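Structure file model-v7.cif (mmCIF, C-alpha atoms (C1' of nucleotides)) is printed below.
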```
data_target
#
loop_
_atom_site.label_atom_id
_atom_site.label_comp_id
_atom_site.auth_asym_id
_atom_site.auth_seq_id
_atom_site.Cartn_x
_atom_site.Cartn_y
_atom_site.Cartn_z
CA MET S 167 0.00 0.00 0.00
CA VAL S 168 1.11 3.55 -0.75
CA LEU S 169 0.26 6.58 1.35
CA LEU S 170 -1.19 9.43 -0.74
CA VAL S 171 -2.41 12.86 0.33
CA ARG S 172 -5.17 14.96 -1.20
CA ALA S 173 -3.97 17.50 -3.76
CA PRO S 174 -5.01 21.17 -3.69
CA ALA S 175 -8.37 21.71 -5.41
CA LYS S 176 -6.99 23.29 -8.58
CA SER S 177 -4.76 20.30 -9.28
CA ARG S 178 -5.72 18.04 -12.17
CA GLU S 179 -5.01 14.89 -10.18
CA ARG S 180 -6.79 14.46 -6.87
CA TRP S 181 -3.97 12.63 -5.09
CA GLN S 182 -0.24 13.15 -4.68
CA LEU S 183 2.71 11.51 -3.01
CA PRO S 184 3.67 13.42 0.14
CA TRP S 185 6.35 15.95 -0.77
CA ARG S 186 8.08 19.04 0.51
CA SER S 187 10.60 21.51 -0.89
CA LEU S 188 14.17 21.40 0.33
CA ARG S 189 14.81 24.32 2.66
CA PRO S 190 18.24 25.99 2.43
CA GLY S 191 20.62 24.67 5.05
CA GLU S 192 18.72 21.40 5.55
CA THR S 193 19.94 17.99 4.40
CA ILE S 194 17.68 15.91 2.18
CA ASP S 195 17.80 12.96 4.59
CA ASP S 196 16.61 15.09 7.49
CA GLU S 197 13.88 16.63 5.40
CA ALA S 198 12.74 13.23 4.20
CA ALA S 199 12.58 11.88 7.76
CA LYS S 200 10.55 14.90 8.89
CA LEU S 201 8.14 14.55 5.97
CA ALA S 202 7.62 10.87 6.70
CA ARG S 203 6.93 11.50 10.37
CA LYS S 204 4.49 14.28 9.58
CA SER S 205 2.63 12.26 6.94
CA LEU S 206 2.36 9.12 9.03
CA GLY S 207 1.79 10.67 12.41
CA THR S 208 4.61 8.47 13.70
CA ALA S 209 8.21 7.64 12.81
CA PRO S 210 8.60 5.02 10.06
CA SER S 211 10.83 2.02 10.75
CA LEU S 212 12.97 2.76 7.70
CA VAL S 213 13.69 5.80 5.51
CA GLU S 214 15.95 5.42 2.51
CA GLN S 215 16.83 7.46 -0.55
CA VAL S 216 16.02 5.81 -3.85
CA ALA S 217 16.78 8.09 -6.79
CA ALA S 218 16.70 11.61 -8.19
CA PHE S 219 14.30 12.59 -10.97
CA GLY S 220 15.14 15.60 -13.09
CA ASP S 221 13.34 15.05 -16.36
CA LYS S 222 10.73 17.27 -17.95
CA ARG S 223 7.79 15.51 -16.33
CA ARG S 224 5.59 17.67 -14.16
CA HIS S 225 5.90 17.69 -10.37
CA PRO S 226 3.50 19.60 -8.11
CA SER S 227 6.35 21.57 -6.58
CA GLY S 228 7.47 22.86 -9.94
CA ALA S 229 11.02 21.91 -8.94
CA GLU S 230 13.62 21.07 -11.58
CA LEU S 231 14.81 18.16 -9.49
CA SER S 232 13.02 15.73 -7.17
CA VAL S 233 14.58 13.12 -4.90
CA ALA S 234 12.44 10.08 -4.12
CA PHE S 235 12.61 8.49 -0.67
CA LEU S 236 11.17 5.22 0.55
CA ALA S 237 9.66 4.99 4.06
CA LEU S 238 8.22 1.77 5.49
CA VAL S 239 5.83 1.03 8.35
CA ASP S 240 4.12 -2.18 9.36
CA GLU S 241 0.42 -2.60 8.69
CA GLU S 242 -0.64 -2.10 12.27
CA THR S 243 1.26 1.17 12.69
CA GLY S 244 0.07 2.36 9.30
CA GLU S 245 -3.54 2.35 10.46
CA GLY S 246 -2.84 5.41 12.55
CA VAL S 247 -2.27 7.86 9.69
CA VAL S 248 -3.47 11.37 10.35
CA GLY S 249 -4.85 14.26 8.32
CA ASP S 250 -6.02 13.86 4.74
CA ALA S 251 -3.65 10.96 3.97
CA MET S 252 -4.97 7.60 2.80
CA TRP S 253 -3.48 4.22 1.87
CA HIS S 254 -3.93 3.03 -1.72
CA ALA S 255 -3.17 -0.37 -3.24
CA VAL S 256 -0.08 -0.27 -5.47
CA GLU S 257 -1.93 -2.17 -8.21
CA ASP S 258 -4.87 0.23 -8.17
CA LEU S 259 -3.68 3.80 -7.86
CA PRO S 260 -5.50 7.00 -8.83
CA PRO S 261 -3.86 9.32 -11.40
CA LEU S 262 -0.71 10.96 -10.06
CA PRO S 263 1.42 13.85 -11.32
CA PRO S 264 3.65 12.39 -14.06
CA ARG S 265 6.95 12.70 -12.28
CA GLN S 266 5.50 11.26 -9.09
CA ARG S 267 4.21 8.29 -11.07
CA ALA S 268 7.76 7.68 -12.31
CA MET S 269 9.16 8.16 -8.82
CA LEU S 270 6.77 5.61 -7.35
CA GLU S 271 7.65 3.04 -10.02
CA GLY S 272 11.33 3.58 -9.29
CA VAL S 273 10.77 3.07 -5.58
CA VAL S 274 8.82 -0.17 -6.05
CA THR S 275 11.38 -1.57 -8.49
CA SER S 276 14.22 -0.70 -6.14
CA LEU S 277 12.33 -2.29 -3.25
CA ARG S 278 11.99 -5.58 -5.13
CA SER S 279 15.56 -5.67 -6.35
CA ARG S 280 17.12 -5.08 -2.93
CA LEU S 281 14.85 -7.46 -1.07
CA ASP S 282 17.52 -10.15 -0.94
CA GLN S 283 20.28 -7.84 0.26
CA SER S 284 18.49 -5.86 2.91
CA PRO S 285 16.06 -6.97 5.62
CA ILE S 286 13.34 -4.79 4.11
CA ALA S 287 10.51 -7.25 4.72
CA PHE S 288 10.89 -7.04 8.50
CA HIS S 289 10.07 -3.34 8.40
CA LEU S 290 6.64 -4.22 7.04
CA LEU S 291 5.80 -6.54 9.95
CA PRO S 292 5.11 -5.97 13.63
CA SER S 293 8.00 -6.80 15.95
CA ILE S 294 6.49 -10.25 16.61
CA PHE S 295 5.24 -12.26 13.64
CA THR S 296 4.69 -15.76 12.30
CA LEU S 297 6.86 -17.25 9.59
CA THR S 298 3.82 -17.51 7.34
CA GLN S 299 3.34 -13.74 7.67
CA LEU S 300 6.98 -13.21 6.78
CA GLN S 301 6.74 -15.49 3.78
CA GLU S 302 3.60 -13.68 2.59
CA ILE S 303 5.48 -10.37 2.66
CA TYR S 304 8.25 -11.85 0.54
CA GLU S 305 5.75 -13.35 -1.88
CA LEU S 306 3.93 -10.02 -2.14
CA LEU S 307 7.09 -8.07 -2.88
CA LEU S 308 8.63 -10.65 -5.20
CA GLY S 309 5.37 -11.30 -7.01
CA ARG S 310 5.72 -15.09 -6.92
CA ARG S 311 5.00 -18.01 -4.65
CA LEU S 312 7.79 -19.43 -2.50
CA HIS S 313 8.32 -22.96 -1.28
CA LYS S 314 7.50 -23.16 2.42
CA ALA S 315 10.04 -25.72 3.59
CA SER S 316 12.75 -24.17 1.46
CA PHE S 317 11.93 -20.67 2.66
CA ARG S 318 12.27 -21.75 6.27
CA ARG S 319 15.50 -23.62 5.66
CA SER S 320 17.09 -20.53 4.08
CA LEU S 321 15.80 -18.38 6.89
CA HIS S 322 17.22 -20.72 9.47
CA ALA S 323 20.58 -20.77 7.72
CA ALA S 324 20.67 -16.96 7.63
CA TRP S 325 20.14 -16.62 11.40
CA LEU S 326 17.81 -13.68 10.93
CA VAL S 327 15.00 -14.60 13.33
CA GLU S 328 14.66 -16.21 16.73
CA PRO S 329 11.57 -17.96 18.14
CA THR S 330 9.60 -16.56 21.08
CA ASP S 331 7.61 -18.58 23.58
CA GLU S 332 4.34 -17.35 22.15
CA TRP S 333 2.00 -19.08 19.74
CA ARG S 334 -0.88 -17.60 17.81
CA SER S 335 -3.96 -19.35 16.52
CA GLU S 336 -5.26 -17.90 13.25
CA GLY S 337 -8.61 -19.56 12.69
CA ARG S 338 -8.67 -23.24 11.93
CA GLY S 339 -5.41 -25.16 11.96
CA ARG S 340 -2.45 -25.62 14.23
CA PRO S 341 -1.23 -22.40 15.93
CA ALA S 342 1.92 -20.80 14.58
CA GLN S 343 4.95 -19.98 16.67
CA LEU S 344 5.82 -16.29 16.86
CA PHE S 345 9.28 -15.03 15.92
CA ARG S 346 11.16 -11.80 16.26
CA TYR S 347 13.77 -10.22 13.99
CA ALA S 348 17.14 -10.89 15.61
CA PRO S 349 20.00 -11.02 13.09
CA LYS S 350 23.00 -12.84 14.51
CA LYS S 351 26.50 -11.72 13.62
CA ARG S 352 27.54 -13.60 10.57
CA ARG S 353 28.39 -12.77 7.00
CA SER S 354 28.84 -15.75 4.78
CA GLY S 355 30.52 -15.05 1.48
CA ARG S 356 27.97 -15.68 -1.20
CA ARG S 357 28.74 -18.55 -3.48
CA GLY S 358 29.10 -18.28 -7.20
CA VAL S 359 28.49 -15.55 -9.71
CA ARG S 360 25.00 -14.95 -10.97
CA PHE S 361 24.68 -13.47 -14.44
CA GLY S 362 21.24 -11.98 -14.06
CA ALA S 363 19.18 -10.01 -16.60
CA MET K 163 40.31 3.76 -12.59
CA VAL K 164 38.52 7.06 -12.00
CA LEU K 165 38.73 10.10 -14.26
CA LEU K 166 39.59 13.26 -12.32
CA VAL K 167 40.09 16.81 -13.56
CA ARG K 168 42.38 19.51 -12.17
CA ALA K 169 40.70 21.88 -9.73
CA PRO K 170 41.01 25.69 -10.00
CA ALA K 171 44.19 26.95 -8.34
CA LYS K 172 42.56 28.40 -5.22
CA SER K 173 40.94 25.06 -4.36
CA ARG K 174 42.34 23.18 -1.38
CA GLU K 175 42.24 19.86 -3.20
CA ARG K 176 44.06 19.65 -6.48
CA TRP K 177 41.68 17.20 -8.15
CA GLN K 178 37.93 16.92 -8.55
CA LEU K 179 35.37 14.64 -10.10
CA PRO K 180 34.05 16.15 -13.32
CA TRP K 181 30.91 18.13 -12.52
CA ARG K 182 28.58 20.75 -13.92
CA SER K 183 25.64 22.73 -12.62
CA LEU K 184 22.15 21.86 -13.79
CA ARG K 185 20.95 24.46 -16.26
CA PRO K 186 17.25 25.41 -16.10
CA GLY K 187 15.20 23.51 -18.66
CA GLU K 188 17.72 20.68 -19.00
CA THR K 189 17.21 17.15 -17.66
CA ILE K 190 19.82 15.69 -15.35
CA ASP K 191 20.30 12.66 -17.61
CA ASP K 192 21.03 14.84 -20.63
CA GLU K 193 23.40 17.00 -18.62
CA ALA K 194 25.20 13.94 -17.28
CA ALA K 195 25.62 12.49 -20.76
CA LYS K 196 27.01 15.79 -22.05
CA LEU K 197 29.43 16.08 -19.15
CA ALA K 198 30.67 12.54 -19.70
CA ARG K 199 31.22 13.11 -23.42
CA LYS K 200 33.03 16.36 -22.78
CA SER K 201 35.28 14.89 -20.08
CA LEU K 202 36.16 11.76 -22.00
CA GLY K 203 36.40 13.23 -25.47
CA THR K 204 34.06 10.45 -26.61
CA ALA K 205 30.72 8.97 -25.65
CA PRO K 206 30.87 6.46 -22.77
CA SER K 207 29.28 3.06 -23.28
CA LEU K 208 27.05 3.50 -20.24
CA VAL K 209 25.74 6.43 -18.19
CA GLU K 210 23.61 5.75 -15.14
CA GLN K 211 22.33 7.71 -12.19
CA VAL K 212 23.48 6.43 -8.81
CA ALA K 213 22.26 8.66 -5.99
CA ALA K 214 21.64 12.20 -4.77
CA PHE K 215 23.77 13.78 -2.07
CA GLY K 216 22.30 16.64 -0.09
CA ASP K 217 24.20 16.65 3.17
CA LYS K 218 26.31 19.44 4.62
CA ARG K 219 29.56 18.23 3.08
CA ARG K 220 31.29 20.65 0.78
CA HIS K 221 30.99 20.42 -3.00
CA PRO K 222 32.96 22.67 -5.38
CA SER K 223 29.77 23.93 -7.00
CA GLY K 224 28.42 25.13 -3.67
CA ALA K 225 25.11 23.46 -4.60
CA GLU K 226 22.74 22.23 -1.91
CA LEU K 227 22.15 19.04 -3.82
CA SER K 228 24.40 16.91 -6.04
CA VAL K 229 23.40 13.93 -8.17
CA ALA K 230 26.11 11.34 -8.81
CA PHE K 231 26.27 9.59 -12.18
CA LEU K 232 28.33 6.60 -13.24
CA ALA K 233 29.85 6.50 -16.74
CA LEU K 234 31.90 3.57 -18.05
CA VAL K 235 34.38 3.19 -20.90
CA ASP K 236 36.69 0.35 -21.80
CA GLU K 237 40.40 0.69 -21.17
CA GLU K 238 41.31 1.22 -24.79
CA THR K 239 38.80 4.03 -25.30
CA GLY K 240 39.77 5.59 -22.00
CA GLU K 241 43.27 6.24 -23.20
CA GLY K 242 41.97 8.98 -25.44
CA VAL K 243 40.94 11.41 -22.68
CA VAL K 244 41.40 15.06 -23.51
CA GLY K 245 42.20 18.26 -21.66
CA ASP K 246 43.43 18.29 -18.08
CA ALA K 247 41.71 15.04 -17.14
CA MET K 248 43.67 12.06 -15.83
CA TRP K 249 42.88 8.51 -14.71
CA HIS K 250 43.56 7.62 -11.06
CA ALA K 251 43.50 4.22 -9.38
CA VAL K 252 40.46 3.81 -7.12
CA GLU K 253 42.65 2.47 -4.30
CA ASP K 254 45.06 5.41 -4.50
CA LEU K 255 43.18 8.65 -4.96
CA PRO K 256 44.30 12.19 -4.17
CA PRO K 257 42.24 14.24 -1.68
CA LEU K 258 38.83 15.16 -3.06
CA PRO K 259 36.16 17.61 -1.91
CA PRO K 260 34.27 15.89 0.91
CA ARG K 261 30.97 15.45 -0.85
CA GLN K 262 32.67 14.15 -3.98
CA ARG K 263 34.53 11.61 -1.87
CA ALA K 264 31.19 10.36 -0.55
CA MET K 265 29.71 10.36 -4.05
CA LEU K 266 32.57 8.28 -5.40
CA GLU K 267 32.24 5.72 -2.61
CA GLY K 268 28.53 5.47 -3.31
CA VAL K 269 29.17 4.90 -7.02
CA VAL K 270 31.74 2.15 -6.40
CA THR K 271 29.52 0.40 -3.86
CA SER K 272 26.57 0.54 -6.22
CA LEU K 273 28.73 -0.79 -9.04
CA ARG K 274 29.75 -3.84 -7.02
CA SER K 275 26.28 -4.60 -5.73
CA ARG K 276 24.62 -4.50 -9.15
CA LEU K 277 27.29 -6.47 -10.94
CA ASP K 278 25.21 -9.64 -10.91
CA GLN K 279 22.04 -7.98 -12.17
CA SER K 280 23.40 -5.79 -14.92
CA PRO K 281 25.96 -6.52 -17.65
CA ILE K 282 28.19 -3.79 -16.27
CA ALA K 283 31.43 -5.66 -16.83
CA PHE K 284 31.00 -5.70 -20.59
CA HIS K 285 31.07 -1.91 -20.68
CA LEU K 286 34.61 -2.04 -19.34
CA LEU K 287 35.86 -4.25 -22.17
CA PRO K 288 36.38 -3.72 -25.89
CA SER K 289 33.67 -5.18 -28.10
CA ILE K 290 35.82 -8.28 -28.67
CA PHE K 291 37.49 -9.89 -25.65
CA THR K 292 38.76 -13.15 -24.18
CA LEU K 293 36.97 -14.94 -21.37
CA THR K 294 40.03 -14.47 -19.18
CA GLN K 295 39.73 -10.71 -19.67
CA LEU K 296 36.07 -10.87 -18.71
CA GLN K 297 36.81 -12.93 -15.62
CA GLU K 298 39.53 -10.48 -14.57
CA ILE K 299 37.02 -7.62 -14.74
CA TYR K 300 34.63 -9.53 -12.52
CA GLU K 301 37.40 -10.39 -10.07
CA LEU K 302 38.52 -6.76 -9.99
CA LEU K 303 35.03 -5.45 -9.27
CA LEU K 304 34.06 -8.18 -6.81
CA GLY K 305 37.41 -8.09 -5.06
CA ARG K 306 37.81 -11.87 -4.97
CA ARG K 307 39.10 -14.68 -7.14
CA LEU K 308 36.63 -16.73 -9.17
CA HIS K 309 36.80 -20.35 -10.23
CA LYS K 310 37.62 -20.57 -13.94
CA ALA K 311 35.59 -23.62 -14.94
CA SER K 312 32.64 -22.53 -12.83
CA PHE K 313 32.76 -18.99 -14.20
CA ARG K 314 32.60 -20.28 -17.75
CA ARG K 315 29.81 -22.72 -16.98
CA SER K 316 27.67 -19.94 -15.52
CA LEU K 317 28.48 -17.69 -18.44
CA HIS K 318 27.51 -20.39 -20.89
CA ALA K 319 24.24 -21.02 -19.06
CA ALA K 320 23.39 -17.31 -19.14
CA TRP K 321 23.80 -17.03 -22.94
CA LEU K 322 25.52 -13.66 -22.62
CA VAL K 323 28.43 -14.12 -25.03
CA GLU K 324 29.03 -15.77 -28.38
CA PRO K 325 32.37 -16.91 -29.79
CA THR K 326 33.97 -15.28 -32.81
CA ASP K 327 36.29 -16.95 -35.31
CA GLU K 328 39.26 -14.99 -34.00
CA TRP K 329 41.93 -16.13 -31.59
CA ARG K 330 44.48 -14.00 -29.79
CA SER K 331 47.88 -15.03 -28.52
CA GLU K 332 48.93 -13.21 -25.36
CA GLY K 333 52.57 -14.13 -24.86
CA ARG K 334 53.38 -17.69 -23.93
CA GLY K 335 50.55 -20.17 -23.78
CA ARG K 336 47.72 -21.34 -25.96
CA PRO K 337 45.83 -18.54 -27.75
CA ALA K 338 42.45 -17.57 -26.36
CA GLN K 339 39.28 -17.47 -28.39
CA LEU K 340 37.68 -14.05 -28.70
CA PHE K 341 34.08 -13.50 -27.72
CA ARG K 342 31.55 -10.72 -28.15
CA TYR K 343 28.74 -9.63 -25.88
CA ALA K 344 25.54 -11.04 -27.38
CA PRO K 345 22.79 -11.64 -24.82
CA LYS K 346 20.37 -14.19 -26.22
CA LYS K 347 17.27 -15.10 -24.27
CA ARG K 348 15.87 -13.42 -21.23
CA ARG K 349 16.67 -14.94 -17.92
CA SER K 350 14.78 -17.83 -16.49
CA GLY K 351 13.31 -17.39 -13.05
CA ARG K 352 16.00 -17.21 -10.44
CA ARG K 353 15.95 -20.00 -7.93
CA GLY K 354 15.53 -19.56 -4.25
CA VAL K 355 15.51 -16.62 -1.91
CA ARG K 356 18.78 -15.25 -0.67
CA PHE K 357 18.77 -13.63 2.73
CA GLY K 358 21.86 -11.51 2.29
CA ALA K 359 23.48 -9.10 4.77
"C1'" DT A 213 61.93 -30.31 -24.76
"C1'" DC A 214 59.69 -27.27 -21.03
"C1'" DA A 215 56.76 -23.58 -19.44
"C1'" DA A 216 52.61 -21.15 -19.61
"C1'" DT A 217 48.02 -20.33 -20.58
"C1'" DA A 218 43.32 -21.93 -22.58
"C1'" DG A 219 39.70 -24.88 -22.17
"C1'" DT A 220 37.12 -29.14 -20.49
"C1'" DG A 221 35.53 -33.59 -17.99
"C1'" DT A 222 34.44 -35.52 -13.59
"C1'" DC A 223 33.54 -35.79 -8.74
"C1'" DT A 224 31.60 -33.90 -4.46
"C1'" DG A 225 29.19 -30.95 -1.17
"C1'" DT A 226 25.45 -27.67 -0.85
"C1'" DT A 227 20.90 -26.41 -1.51
"C1'" DA A 228 16.28 -25.24 -3.81
"C1'" DG A 229 12.13 -27.46 -4.87
"C1'" DA A 230 8.90 -31.51 -4.79
"C1'" DC A 231 6.62 -34.57 -2.00
"C1'" DA A 232 5.14 -36.80 1.94
"C1'" DT A 233 4.31 -37.08 6.75
"C1'" DT A 234 3.51 -35.73 11.39
"C1'" DA A 235 1.60 -32.21 14.78
"C1'" DT A 236 -2.06 -29.58 16.61
"C1'" DG A 237 -5.71 -26.98 16.94
"C1'" DG A 238 -10.96 -25.57 15.46
"C1'" DA A 239 -15.44 -26.79 13.55
"C1'" DT Y 84 -14.70 -37.16 13.64
"C1'" DC Y 85 -12.90 -34.25 9.70
"C1'" DC Y 86 -10.38 -30.38 8.06
"C1'" DA Y 87 -7.07 -26.72 7.92
"C1'" DT Y 88 -2.74 -25.02 8.89
"C1'" DA Y 89 2.08 -25.53 10.99
"C1'" DA Y 90 6.31 -27.74 10.89
"C1'" DT Y 91 9.61 -31.08 9.35
"C1'" DG Y 92 12.04 -35.26 7.08
"C1'" DT Y 93 13.56 -37.22 2.67
"C1'" DC Y 94 14.62 -37.46 -2.12
"C1'" DT Y 95 16.24 -35.32 -6.42
"C1'" DA Y 96 18.06 -32.00 -9.73
"C1'" DA Y 97 20.92 -28.11 -10.22
"C1'" DC Y 98 25.10 -26.12 -9.50
"C1'" DA Y 99 29.48 -24.12 -7.34
"C1'" DG Y 100 34.04 -25.39 -6.38
"C1'" DA Y 101 38.00 -28.64 -6.47
"C1'" DC Y 102 40.92 -31.30 -9.17
"C1'" DA Y 103 42.87 -33.24 -12.96
"C1'" DC Y 104 43.47 -33.53 -17.53
"C1'" DT Y 105 44.08 -32.26 -22.51
"C1'" DA Y 106 45.22 -28.61 -26.07
"C1'" DT Y 107 48.16 -25.30 -28.06
"C1'" DT Y 108 51.26 -21.95 -28.30
"C1'" DG Y 109 56.28 -19.50 -27.28
"C1'" DA Y 110 60.83 -19.99 -25.50
#
```

Encoded form (structure tokens):
Amino acid sequence: MVLLVRAPAKSRERWQLPWRSLRPGETIDDEAAKLARKSLGTAPSLVEQVAAFGDKRRHPSGAELSVAFLALVDEETGEGVVGDAMWHAVEDLPPLPPRQRAMLEGVVTSLRSRLDQSPIAFHLLPSIFTLTQLQEIYELLLGRRLHKASFRRSLHAAWLVEPTDEWRSEGRGRPAQLFRYAPKKRRSGRRGVRFGA
Amino acid sequence: MVLLVRAPAKSRERWQLPWRSLRPGETIDDEAAKLARKSLGTAPSLVEQVAAFGDKRRHPSGAELSVAFLALVDEETGEGVVGDAMWHAVEDLPPLPPRQRAMLEGVVTSLRSRLDQSPIAFHLLPSIFTLTQLQEIYELLLGRRLHKASFRRSLHAAWLVEPTDEWRSEGRGRPAQLFRYAPKKRRSGRRGVRFGA
DNA sequence: TCAATAGTGTCTGTTAGACATTATGGA
DNA sequence: TCCATAATGTCTAACAGACACTATTGA
């Protein structure tokens, strides 16, 4: 889901990505963090620069140059958004200003491509979660189904999570054990060379 | 190797990354391409945006915001640089303006991390090359030795190169067959999920 | 002839994916 | 009881890395 805010009345599009102009003397990272906090009503669990966009496409600010940032919150926290902001499904977005449309596509693409390098998925979950929840996040972001046993084996080998004593029953079947994100110190050299794309 | 240009006399550092200010009405990609052509004396084989830098570190332009671009040429082409530009080894660079130092580190890191997704290495080679040359580029960028037989197997499986009829003798041993970059089919679905870092 | 480099065949350990099975709760 | 979901054991195919070997040149 993407957080959009209502555009001023005279705007052609009715929704926009949250944005602000860079004030002299401020750093873009600080400004991005402030904007995220203000839009969400709370601090996001991750804020990261993605790319700069300086083409001729229109941006509401009129700026020559725009820098896109990614901020993530888990679903539960995201329910507390304030003001005229609203979550929209990525696959079903209203019209956006052209440059913002390009910025959003860049952010989503970057999110997918760095999913295996960076523990991005954990920022989209509460601090305690089931492995099925975690796998569903990965499947959502990667856009394909994953093999359950294999997913858990890899996860175990990576020492990224640790079990808690809690179990949660989600409807019918056997309750799932709850885990927390707890990366252990280890950095295995990756094997092989992949010649992708 | 990194192409640096001489800084104006009053500058504290004697060398700088090539840079230019964004002119109103121009796109950053066009401006980057022009700057690369002007600095190299010829068009690079790849120009790509890496990241924006808007912290308080000093940049020669005095701009609030700088956008770093990566441009690649092969060694042979790079010998034809014009003006007061000179190639410097990445491991042995002269002092640079602070923000440019950060920009360069970001570019090199990005280069390494995307090496498996993007055919970056081929932009650093002439159009015709030996597989040993290609492997040396990968080893240089990855910073580790690769297994010869395994490297060639992966390369063959990826359908990225095709052999030519030419062979080249480099000193003593058996001559090496020359290859050209000729990506055939699109990639098949990558296996597994890697939980890196 | 020897030395050096290119290129390949074979074996082994690791691991992703398929499949099956057990475990444990709710209806 | 049946059913749904969690969790795990086993087999197989794919593949990275090690090793050894052949091929082909220059000295």

Distance query Y:DG100 at most 9 Å, all atoms listed in the file, self and fewer than 3 positions along chain excluded, as a list in words: Gly358 of chain S; His309, Ala311 and Ser312 of chain K

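Residues with any atom within 7 Å of K:Val209, counting all atoms listed in the file and excluding same-chain neighbours fewer than 4 positions away, are Ala195, Phe231, Leu232, Ala233 and Leu234 of chain K.
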
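Distances to S:Gln182 were evaluated for S:Val233, S:Leu270, S:Lys204, S:Asp221 using only C-alpha atoms, and the minimum falls at S:Leu270.
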
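What the PyMOL selection byres ((chain K) within 7 of (chain A)) picks from this file is Arg334, Gly335, Arg336, Pro337, Ala338, Arg353 and Gly354 of chain K.
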
Can you pull out every residue within 12 Å of K:Ala205, counting only C-alpha atoms (C1' of nucleotides), but drop anything in the same chain fewer than 5 positions away, and send it as a compact mmCIF listing (two decimals) with C-alpha atoms, in the coordinates of the input?
```txt
# COMPACT_ATOMS: atom_id res chain seq x y z
CA ALA K 194 25.20 13.94 -17.28
CA ALA K 195 25.62 12.49 -20.76
CA LYS K 196 27.01 15.79 -22.05
CA LEU K 197 29.43 16.08 -19.15
CA ALA K 198 30.67 12.54 -19.70
CA ARG K 199 31.22 13.11 -23.42
CA LYS K 200 33.03 16.36 -22.78
CA ALA K 233 29.85 6.50 -16.74
CA LEU K 234 31.90 3.57 -18.05
CA VAL K 235 34.38 3.19 -20.90
CA ASP K 236 36.69 0.35 -21.80
CA THR K 239 38.80 4.03 -25.30
CA GLY K 240 39.77 5.59 -22.00
CA GLY K 242 41.97 8.98 -25.44
CA VAL K 243 40.94 11.41 -22.68
CA HIS K 285 31.07 -1.91 -20.68
```

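In this structure, atom CA of K:His250 sits 20.6 Å away from atom CA of K:Gln295.
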
Chain and number of each residue from the PyMOL selection byres ((chain Y) within 10 of (chain K)), as number ranges by chain: Y: 97-101, 106-110

Residues from last step as file, C-alpha atoms (C1' of nucleotides), as a PDB file, in the coordinates of the input:
```
ATOM      1  C1'  DA Y  97      20.920 -28.110 -10.220  1.00  0.00           C
ATOM      2  C1'  DC Y  98      25.100 -26.120  -9.500  1.00  0.00           C
ATOM      3  C1'  DA Y  99      29.480 -24.120  -7.340  1.00  0.00           C
ATOM      4  C1'  DG Y 100      34.040 -25.390  -6.380  1.00  0.00           C
ATOM      5  C1'  DA Y 101      38.000 -28.640  -6.470  1.00  0.00           C
ATOM      6  C1'  DA Y 106      45.220 -28.610 -26.070  1.00  0.00           C
ATOM      7  C1'  DT Y 107      48.160 -25.300 -28.060  1.00  0.00           C
ATOM      8  C1'  DT Y 108      51.260 -21.950 -28.300  1.00  0.00           C
ATOM      9  C1'  DG Y 109      56.280 -19.500 -27.280  1.00  0.00           C
ATOM     10  C1'  DA Y 110      60.830 -19.990 -25.500  1.00  0.00           C
TER      11       DA Y 110
END
```

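Rounded to one decimal, atom CA of K:Ala225 and atom CA of K:Thr189 lie 16.5 Å from each other.
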
Separation of atom CA of K:Glu175 from atom CA of S:Asp196, in Å and rounded to one decimal: 28.2 Å

Compile the residues of chain K that lie within 9 Å of chain S, evaluated using only C-alpha atoms, and express the compilation as a tab-separated table (two decimals) with C-alpha atoms, in the coordinates of the input.
```tsv
chain	number	residue	atom	x	y	z
K	184	LEU	CA	22.15	21.86	-13.79
K	186	PRO	CA	17.25	25.41	-16.10
K	187	GLY	CA	15.20	23.51	-18.66
K	188	GLU	CA	17.72	20.68	-19.00
K	189	THR	CA	17.21	17.15	-17.66
K	190	ILE	CA	19.82	15.69	-15.35
K	191	ASP	CA	20.30	12.66	-17.61
K	192	ASP	CA	21.03	14.84	-20.63
K	211	GLN	CA	22.33	7.71	-12.19
K	212	VAL	CA	23.48	6.43	-8.81
K	213	ALA	CA	22.26	8.66	-5.99
K	214	ALA	CA	21.64	12.20	-4.77
K	215	PHE	CA	23.77	13.78	-2.07
K	216	GLY	CA	22.30	16.64	-0.09
K	217	ASP	CA	24.20	16.65	3.17
K	218	LYS	CA	26.31	19.44	4.62
K	226	GLU	CA	22.74	22.23	-1.91
K	227	LEU	CA	22.15	19.04	-3.82
K	229	VAL	CA	23.40	13.93	-8.17
K	277	LEU	CA	27.29	-6.47	-10.94
K	278	ASP	CA	25.21	-9.64	-10.91
K	279	GLN	CA	22.04	-7.98	-12.17
K	280	SER	CA	23.40	-5.79	-14.92
K	281	PRO	CA	25.96	-6.52	-17.65
K	308	LEU	CA	36.63	-16.73	-9.17
K	309	HIS	CA	36.80	-20.35	-10.23
K	312	SER	CA	32.64	-22.53	-12.83
K	313	PHE	CA	32.76	-18.99	-14.20
K	316	SER	CA	27.67	-19.94	-15.52
K	317	LEU	CA	28.48	-17.69	-18.44
K	319	ALA	CA	24.24	-21.02	-19.06
K	320	ALA	CA	23.39	-17.31	-19.14
K	322	LEU	CA	25.52	-13.66	-22.62
K	348	ARG	CA	15.87	-13.42	-21.23
K	349	ARG	CA	16.67	-14.94	-17.92
K	350	SER	CA	14.78	-17.83	-16.49
K	352	ARG	CA	16.00	-17.21	-10.44
K	354	GLY	CA	15.53	-19.56	-4.25
K	355	VAL	CA	15.51	-16.62	-1.91
K	356	ARG	CA	18.78	-15.25	-0.67
K	357	PHE	CA	18.77	-13.63	2.73
K	358	GLY	CA	21.86	-11.51	2.29
K	359	ALA	CA	23.48	-9.10	4.77
```
